[in-house]
Structures are given as C-alpha cells and as structure tokens.
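In what follows, a structure is listed as structure tokens, so that the remarks can point back to it.
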Amino acid sequence: PKHNSVATKWIRSKIAFALKSYIMQSLNMQRCQAKPAAGRARSIAPRTVVLRAPRSNTSVCVRAAAFAPPTVADTKAKFLKQYNKPVASLYNTVIQELLVQQHFMRYSVNYQYNEVFALGCVSVFEQILESMNADERAKIFSAYITALGEDPEKYRKDAAALESAASSLSGPEQLSPDASGSKVQTVLSKVADMSAGGKLSYNKFFAIGLFRLLELTGAKEPSALERLVKSVNVKPEAVNRDLMLYKGILSKLAAAKELMKEFLEREKRKQAEREADKAAKAAQQNSAVQA
C-alpha cells in the first residue's frame with residue numbers, strides 16, 4: 001500500500017539525515033582545522049630552487065614537482081566508474097559524503113597512510129553498512145578506496161593484521177609504542193614518530209582506529225584511551241570529540257534501524273491479517289454460491 005511505502009521512505013530519510021549531519025559536522029571541523037593545508041593543496045606551478053652546498057660555489061638546480069591533486073568531481077566519477085550501478089538510497093548519501101571527506105584527507109600535502117587509519121576506515125564501513133549484503137559492501141568499499149587512488153586490499157590486509165595482533169594482547173597496557181615490540185607496538189611507534197615530526201595527518205578515521213584497538217584488548221576505562229592517545233602524541237580533546245560524534249551517530253542509526261524493523265514487522269502482520277480476511281470472505285461467497 002502507498003502509505004506503507006511513504007512511511008518506510010520517511011524512516012530511511014531520517015537515518016540518512018542523521019548520518020549526513022554527523023559527517024558534515026565532522027567535515028566542517030576538519031576543513032576549519034586544515035585551512036592552511038587546504039590552501040597548499042592547490043596546484044603549484046613548477047619552480048626552480050637553487051641549493052648551494054656549504055663552502056662551495058657549486059649550485060645545484062632542483063625543479064620542484066607540481067602537486068596537482070584530482071578534484072572532488074574526479075574522485076566521484078572514478079567511484080561511479082568502479083561501482084557502475086545504483087547504491088541503495090539509505091547508503092548513497094553517506095557514502096558520497098564520506099568520499100568527499102576522505103578526498104580532502106587523501107590529497108592533503110601532509111597525508112601519509114598508516115595501519116591505524118586503515119583499521120578505522122574499514123571499521124566505519126563495516127559498522128555503518130553492516131545491514132547491507134556482504135558482497136555488495138565489499139564491492140562498494142573496493143570502488144571507494146580505488147577512487148581515492150589507493151589499494152583496497154592493502155587496507156583490508158593491514159586492518160585484519162592489526163585486529164588479529166591486538167586481539168592476542170593480554171590487555172590495554174600493551175598498547176604502547178615500541179619499535180622493537182609486538183606488531184601493534186611497532187605500528188604505534190611508527191605513528192608516534194610521524195606525529196612527533198609533524199607528519200601525521202590526524203582525522204576521525206585515525207581516532208576510530210585507536211578506539212578499535214582498545215575494544216580489541218578489552219579496555220573499558222577512559223584512562224586507557226587517554227594513555228594511548230598521549231603515547232602517540234595526539235591531542236586527547238580531538239580524539240574524544242570525534243569519538244563522541246561517531247558513537248552518537250551509531251546510536252541514532254541503531255535506533256532508526258530498530259524502528260524500521262518494528263514498523264516492517266507490524267506491517268507484515270497487518271498484511272497477513274488482511275489476506276486472511278480476504279480469503280475468509282472469498283470462502284463465504286463461494287459457500288453462498290454453492291448453496
């Protein structure tokens with residue numbers, strides 16, 4: 001019936017709106033924080049730089065490479081080329097907004113891939129798109145990462161390896177940077193060095209990756225998160241803000257999905273009752289005709 005379709009669309013629109021609000025809020029925060037970097041991300045014309053060696057008159061000419069990242073439109077077009085069929089309306093808005101947000105992360109002049117970031121990115125897709133068919137979810141993820149000029153298999157492999165290594169740890173106290181330690185500790189050490197050297201491009205996927213590591217070790221105390229964040233030289237305020245936003249949207253998404261589930265079950269029962277009444281009336285009419 002028409003009113004059922006309208007109600008279903010309304011619930012779906014509520015889910016999409018909640019997700020879009022979160023993503024847009026996070027994106028706006030990141031743009032404000034990364035304004036100087038965004039300005040540098042524009043195409044830079046090649047120029048000649050003269051480097052003089054100490055105590056020598058020898059001049060070395062170095063031509064700086066042009067930094068010309070693709071546009072957002074280019075990235076979106078690549079995604080549509082990779083996944084060339086319609087995405088369910090419930091997810092399409094979310095995916096497009098995430099793609100725009102990660103485009104700016106990916107093509108920031110400070111961007112460097114790391115395993116914690118990959119874990120966070122994979123976790124977001126798994127949680128937000130969990131109700132989607134697994135095969136389609138994998139295809140969309142592959143198209144999404146490929147559109148950003150990266151390798152989806154590397155993301156999956158690194159995320160899975162980090163998850164497995166973190167699951168084998170005895171507790172959150174082992175989540176500390178150590179270049180000669182376990183798999184997780186060496187990854188954290190590399191990240192801490194990047195952050196200390198100003199080469200870590202912080203974003204919400206990285207924050208979610210850190211939180212996922214804590215989940216896998218069974219950590220429940222807020223102090224464990226603070227210790228981990230400080231150990232990799234990241235501001236706790238930024239991580240807490242991003243995690244609160246993310247937890248909020250997951251909570252709203254779960255509530256909206258439960259509402260949709262209850263609505264569909266109720267409508268299914270009503271439909272069964274209507275069909276039973278219709279069958280009963282048809283039986284009565286047949287009996288009357290035969291009499």
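Labels for the structure tokens follow display order: chains A, B, ..., residues from 1 in each chain, ligands from 1.
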Legend entry - For segment 243-248 of chain A: contacts at 7 Å, only C-alpha atoms, fewer than 2 positions along chain excluded, given as an MDAnalysis selection string: chainID A and resid 22 207:208 239:241 250:252
Closest-contact table, segment 185-260 of chain A side, partner segment 113-125 of chain A, 8 Å, counting only C-alpha atoms, as a tab-separated table:
residue	atom	partner	partner_atom	distance
A:Val187	CA	A:Glu115	CA	7.0
A:Val191	CA	A:Asn114	CA	7.3
A:Phe205	CA	A:Gly120	CA	4.6
A:Phe206	CA	A:Phe117	CA	4.3
A:Ala207	CA	A:Gly120	CA	7.2
A:Ile208	CA	A:Gly120	CA	4.8
A:Gly209	CA	A:Gly120	CA	3.7
A:Leu210	CA	A:Val116	CA	6.6
A:Arg212	CA	A:Gly120	CA	7.2
Inset, instruction - Using backbone DSSP assignments, extract all alpha helix (DSSP H) residues from segment 194-232 of chain A; output them as a list in words. - result: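 Those in segment 194-232 of chain A that DSSP calls alpha helix (DSSP H) are Met194, Ser195, Ala196, Lys204, Phe205, Phe206, Ala207, Ile208, Gly209, Leu210, Phe211, Arg212, Leu213, Leu214, Glu215, Leu216, Pro222, Ser223, Ala224, Leu225, Glu226, Arg227, Leu228, Val229, Lys230 and Ser231 of chain A.
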Would you export the selected residues with N, CA and C atoms as a PDB file, in the first residue's frame, please?
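Final output, result_19.pdb:
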ATOM      1  N   MET A 194      55.767   9.736  13.498  1.00  0.00           N
ATOM      2  CA  MET A 194      55.176  10.607  12.477  1.00  0.00           C
ATOM      3  C   MET A 194      54.533  11.831  13.128  1.00  0.00           C
ATOM      4  N   SER A 195      53.807  11.591  14.209  1.00  0.00           N
ATOM      5  CA  SER A 195      53.118  12.682  14.904  1.00  0.00           C
ATOM      6  C   SER A 195      54.112  13.653  15.523  1.00  0.00           C
ATOM      7  N   ALA A 196      55.158  13.115  16.154  1.00  0.00           N
ATOM      8  CA  ALA A 196      56.170  13.969  16.783  1.00  0.00           C
ATOM      9  C   ALA A 196      56.896  14.820  15.750  1.00  0.00           C
ATOM     10  N   LYS A 204      39.363  11.677  11.756  1.00  0.00           N
ATOM     11  CA  LYS A 204      38.482  10.863  12.598  1.00  0.00           C
ATOM     12  C   LYS A 204      38.658   9.364  12.367  1.00  0.00           C
ATOM     13  N   PHE A 205      39.079   8.948  11.168  1.00  0.00           N
ATOM     14  CA  PHE A 205      39.329   7.532  10.932  1.00  0.00           C
ATOM     15  C   PHE A 205      40.475   7.036  11.812  1.00  0.00           C
ATOM     16  N   PHE A 206      41.479   7.876  12.005  1.00  0.00           N
ATOM     17  CA  PHE A 206      42.596   7.523  12.871  1.00  0.00           C
ATOM     18  C   PHE A 206      42.101   7.368  14.310  1.00  0.00           C
ATOM     19  N   ALA A 207      41.246   8.301  14.759  1.00  0.00           N
ATOM     20  CA  ALA A 207      40.697   8.229  16.117  1.00  0.00           C
ATOM     21  C   ALA A 207      39.894   6.951  16.309  1.00  0.00           C
ATOM     22  N   ILE A 208      39.102   6.584  15.309  1.00  0.00           N
ATOM     23  CA  ILE A 208      38.288   5.366  15.400  1.00  0.00           C
ATOM     24  C   ILE A 208      39.186   4.131  15.400  1.00  0.00           C
ATOM     25  N   GLY A 209      40.297   4.190  14.664  1.00  0.00           N
ATOM     26  CA  GLY A 209      41.256   3.092  14.674  1.00  0.00           C
ATOM     27  C   GLY A 209      41.847   2.876  16.055  1.00  0.00           C
ATOM     28  N   LEU A 210      42.201   3.964  16.738  1.00  0.00           N
ATOM     29  CA  LEU A 210      42.727   3.862  18.101  1.00  0.00           C
ATOM     30  C   LEU A 210      41.683   3.254  19.041  1.00  0.00           C
ATOM     31  N   PHE A 211      40.454   3.718  18.908  1.00  0.00           N
ATOM     32  CA  PHE A 211      39.382   3.210  19.758  1.00  0.00           C
ATOM     33  C   PHE A 211      39.140   1.720  19.498  1.00  0.00           C
ATOM     34  N   ARG A 212      39.230   1.324  18.247  1.00  0.00           N
ATOM     35  CA  ARG A 212      39.037  -0.089  17.893  1.00  0.00           C
ATOM     36  C   ARG A 212      40.121  -0.965  18.533  1.00  0.00           C
ATOM     37  N   LEU A 213      41.347  -0.463  18.583  1.00  0.00           N
ATOM     38  CA  LEU A 213      42.426  -1.207  19.241  1.00  0.00           C
ATOM     39  C   LEU A 213      42.104  -1.433  20.710  1.00  0.00           C
ATOM     40  N   LEU A 214      41.569  -0.408  21.352  1.00  0.00           N
ATOM     41  CA  LEU A 214      41.199  -0.538  22.763  1.00  0.00           C
ATOM     42  C   LEU A 214      40.078  -1.563  22.942  1.00  0.00           C
ATOM     43  N   GLU A 215      39.094  -1.528  22.038  1.00  0.00           N
ATOM     44  CA  GLU A 215      37.998  -2.502  22.102  1.00  0.00           C
ATOM     45  C   GLU A 215      38.533  -3.929  22.017  1.00  0.00           C
ATOM     46  N   LEU A 216      39.471  -4.143  21.107  1.00  0.00           N
ATOM     47  CA  LEU A 216      40.000  -5.486  20.877  1.00  0.00           C
ATOM     48  C   LEU A 216      40.804  -6.016  22.063  1.00  0.00           C
ATOM     49  N   PRO A 222      38.151   5.001  30.643  1.00  0.00           N
ATOM     50  CA  PRO A 222      38.510   6.180  29.842  1.00  0.00           C
ATOM     51  C   PRO A 222      40.001   6.512  29.925  1.00  0.00           C
ATOM     52  N   SER A 223      40.611   6.161  31.058  1.00  0.00           N
ATOM     53  CA  SER A 223      42.029   6.459  31.236  1.00  0.00           C
ATOM     54  C   SER A 223      42.896   5.699  30.233  1.00  0.00           C
ATOM     55  N   ALA A 224      42.433   4.516  29.802  1.00  0.00           N
ATOM     56  CA  ALA A 224      43.187   3.720  28.825  1.00  0.00           C
ATOM     57  C   ALA A 224      43.253   4.454  27.491  1.00  0.00           C
ATOM     58  N   LEU A 225      42.144   5.082  27.113  1.00  0.00           N
ATOM     59  CA  LEU A 225      42.119   5.859  25.863  1.00  0.00           C
ATOM     60  C   LEU A 225      43.056   7.051  25.963  1.00  0.00           C
ATOM     61  N   GLU A 226      43.022   7.727  27.087  1.00  0.00           N
ATOM     62  CA  GLU A 226      43.881   8.905  27.255  1.00  0.00           C
ATOM     63  C   GLU A 226      45.357   8.523  27.194  1.00  0.00           C
ATOM     64  N   ARG A 227      45.713   7.407  27.820  1.00  0.00           N
ATOM     65  CA  ARG A 227      47.113   6.967  27.790  1.00  0.00           C
ATOM     66  C   ARG A 227      47.556   6.633  26.370  1.00  0.00           C
ATOM     67  N   LEU A 228      46.701   5.918  25.651  1.00  0.00           N
ATOM     68  CA  LEU A 228      47.041   5.524  24.283  1.00  0.00           C
ATOM     69  C   LEU A 228      47.190   6.745  23.384  1.00  0.00           C
ATOM     70  N   VAL A 229      46.254   7.678  23.484  1.00  0.00           N
ATOM     71  CA  VAL A 229      46.280   8.876  22.642  1.00  0.00           C
ATOM     72  C   VAL A 229      47.534   9.704  22.905  1.00  0.00           C
ATOM     73  N   LYS A 230      47.861   9.897  24.185  1.00  0.00           N
ATOM     74  CA  LYS A 230      49.047  10.682  24.533  1.00  0.00           C
ATOM     75  C   LYS A 230      50.339   9.974  24.112  1.00  0.00           C
ATOM     76  N   SER A 231      50.321   8.655  24.130  1.00  0.00           N
ATOM     77  CA  SER A 231      51.532   7.907  23.778  1.00  0.00           C
ATOM     78  C   SER A 231      51.892   8.057  22.306  1.00  0.00           C
TER      79      SER A 231
END
Could you give me, as a compact mmCIF listing (two decimals) with N, CA, C and O atoms, in the first residue's frame, the residues within 10 Å of Thr146 of chain A, counting only C-alpha atoms and dropping anything in the same chain fewer than 5 positions from it?
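Everything below was put into selection.txt:
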# COMPACT_ATOMS: atom_id res chain seq x y z
N THR A 75 37.20 12.32 -8.30
CA THR A 75 37.13 11.18 -7.38
C THR A 75 35.75 10.53 -7.42
O THR A 75 35.61 9.30 -7.44
N LYS A 78 35.36 8.51 -10.58
CA LYS A 78 36.09 7.24 -10.51
C LYS A 78 35.30 6.21 -9.71
O LYS A 78 35.27 5.03 -10.05
N PHE A 79 34.65 6.67 -8.63
CA PHE A 79 33.85 5.75 -7.82
C PHE A 79 32.69 5.19 -8.65
O PHE A 79 32.43 3.98 -8.65
N GLN A 82 33.86 2.60 -11.05
CA GLN A 82 34.20 1.34 -10.41
C GLN A 82 32.95 0.56 -9.96
O GLN A 82 32.90 -0.66 -10.06
N ILE A 140 31.54 -2.07 -2.88
CA ILE A 140 31.48 -0.62 -2.68
C ILE A 140 32.76 -0.13 -2.02
O ILE A 140 33.32 0.91 -2.40
N PHE A 141 33.25 -0.87 -1.04
CA PHE A 141 34.49 -0.47 -0.37
C PHE A 141 35.65 -0.45 -1.37
O PHE A 141 36.48 0.47 -1.36
N ASP A 151 44.94 1.24 -2.64
CA ASP A 151 44.70 -0.19 -2.81
C ASP A 151 43.76 -0.73 -1.72
O ASP A 151 44.14 -0.80 -0.55
N PRO A 152 42.53 -1.12 -2.08
CA PRO A 152 41.58 -1.62 -1.07
C PRO A 152 42.07 -2.89 -0.37
O PRO A 152 41.79 -3.10 0.80
N GLU A 153 42.81 -3.73 -1.10
CA GLU A 153 43.31 -4.96 -0.49
C GLU A 153 44.34 -4.66 0.59
O GLU A 153 44.44 -5.37 1.59
Legend entry - Which residue of A:Gln290, A:Ser189, A:Ser142, A:Asn203 approaches Gln101 of chain A most closely, using only C-alpha atoms: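 Of A:Gln290, A:Ser189, A:Ser142, A:Asn203, the one nearest Gln101 of chain A, counting only C-alpha atoms, is A:Asn203.
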Inset, instruction - Can you pull out every residue within 10 Å of segment 197-199 of chain A, counting only C-alpha atoms, but drop anything in the same chain fewer than 4 positions away, and send it as a ChimeraX atom specification? - result: /A:109-112,191-193,233
Inset, instruction - Rank A:Glu262, A:Lys268, A:Lys281, A:Tyr202 by their smallest atom-to-atom distance to Ala238 of chain A, using only C-alpha atoms, and report the top residue only. - result: A:Tyr202
Inset, instruction - Could you tell me which of A:Leu129, A:Pro172, A:Ala282, A:Phe104 comes closest to Lys220 of chain A if we count only C-alpha atoms? - result: A:Pro172
Legend entry - Surrounding residues of Ala73 of chain A excluding itself and chain neighbours under 5 positions, 12 Å, only C-alpha atoms, as a list in words: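 The residues that qualify are Lys78, Phe79, Leu80, Gln96, Leu99, Val100, His103, Ala147 and Leu148 of chain A.
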Save the residues we just selected, N, CA, C and O atoms, as a PDB file, in the first residue's frame?
ATOM      1  N   LYS A  78      35.357   8.509 -10.582  1.00  0.00           N
ATOM      2  CA  LYS A  78      36.087   7.237 -10.507  1.00  0.00           C
ATOM      3  C   LYS A  78      35.296   6.213  -9.706  1.00  0.00           C
ATOM      4  O   LYS A  78      35.270   5.027 -10.047  1.00  0.00           O
ATOM      5  N   PHE A  79      34.653   6.671  -8.629  1.00  0.00           N
ATOM      6  CA  PHE A  79      33.848   5.752  -7.823  1.00  0.00           C
ATOM      7  C   PHE A  79      32.688   5.189  -8.649  1.00  0.00           C
ATOM      8  O   PHE A  79      32.433   3.979  -8.647  1.00  0.00           O
ATOM      9  N   LEU A  80      31.995   6.068  -9.372  1.00  0.00           N
ATOM     10  CA  LEU A  80      30.861   5.634 -10.185  1.00  0.00           C
ATOM     11  C   LEU A  80      31.295   4.704 -11.320  1.00  0.00           C
ATOM     12  O   LEU A  80      30.548   3.819 -11.731  1.00  0.00           O
ATOM     13  N   GLN A  96      28.687   9.083  -0.325  1.00  0.00           N
ATOM     14  CA  GLN A  96      29.158  10.253  -1.065  1.00  0.00           C
ATOM     15  C   GLN A  96      29.795  11.282  -0.140  1.00  0.00           C
ATOM     16  O   GLN A  96      30.829  11.880  -0.471  1.00  0.00           O
ATOM     17  N   LEU A  99      33.129  10.000   0.998  1.00  0.00           N
ATOM     18  CA  LEU A  99      34.077  10.079  -0.114  1.00  0.00           C
ATOM     19  C   LEU A  99      34.650  11.488  -0.243  1.00  0.00           C
ATOM     20  O   LEU A  99      35.853  11.671  -0.439  1.00  0.00           O
ATOM     21  N   VAL A 100      33.779  12.489  -0.115  1.00  0.00           N
ATOM     22  CA  VAL A 100      34.234  13.879  -0.183  1.00  0.00           C
ATOM     23  C   VAL A 100      35.190  14.175   0.964  1.00  0.00           C
ATOM     24  O   VAL A 100      36.265  14.768   0.776  1.00  0.00           O
ATOM     25  N   HIS A 103      38.472  12.431   0.490  1.00  0.00           N
ATOM     26  CA  HIS A 103      39.214  13.026  -0.622  1.00  0.00           C
ATOM     27  C   HIS A 103      40.136  14.130  -0.102  1.00  0.00           C
ATOM     28  O   HIS A 103      41.314  14.197  -0.474  1.00  0.00           O
ATOM     29  N   ALA A 147      38.843   4.683  -5.991  1.00  0.00           N
ATOM     30  CA  ALA A 147      38.563   6.041  -6.466  1.00  0.00           C
ATOM     31  C   ALA A 147      39.500   7.067  -5.839  1.00  0.00           C
ATOM     32  O   ALA A 147      39.770   8.119  -6.419  1.00  0.00           O
ATOM     33  N   LEU A 148      40.024   6.748  -4.659  1.00  0.00           N
ATOM     34  CA  LEU A 148      40.951   7.634  -3.953  1.00  0.00           C
ATOM     35  C   LEU A 148      42.409   7.356  -4.328  1.00  0.00           C
ATOM     36  O   LEU A 148      43.335   7.909  -3.734  1.00  0.00           O
TER      37      LEU A 148
END
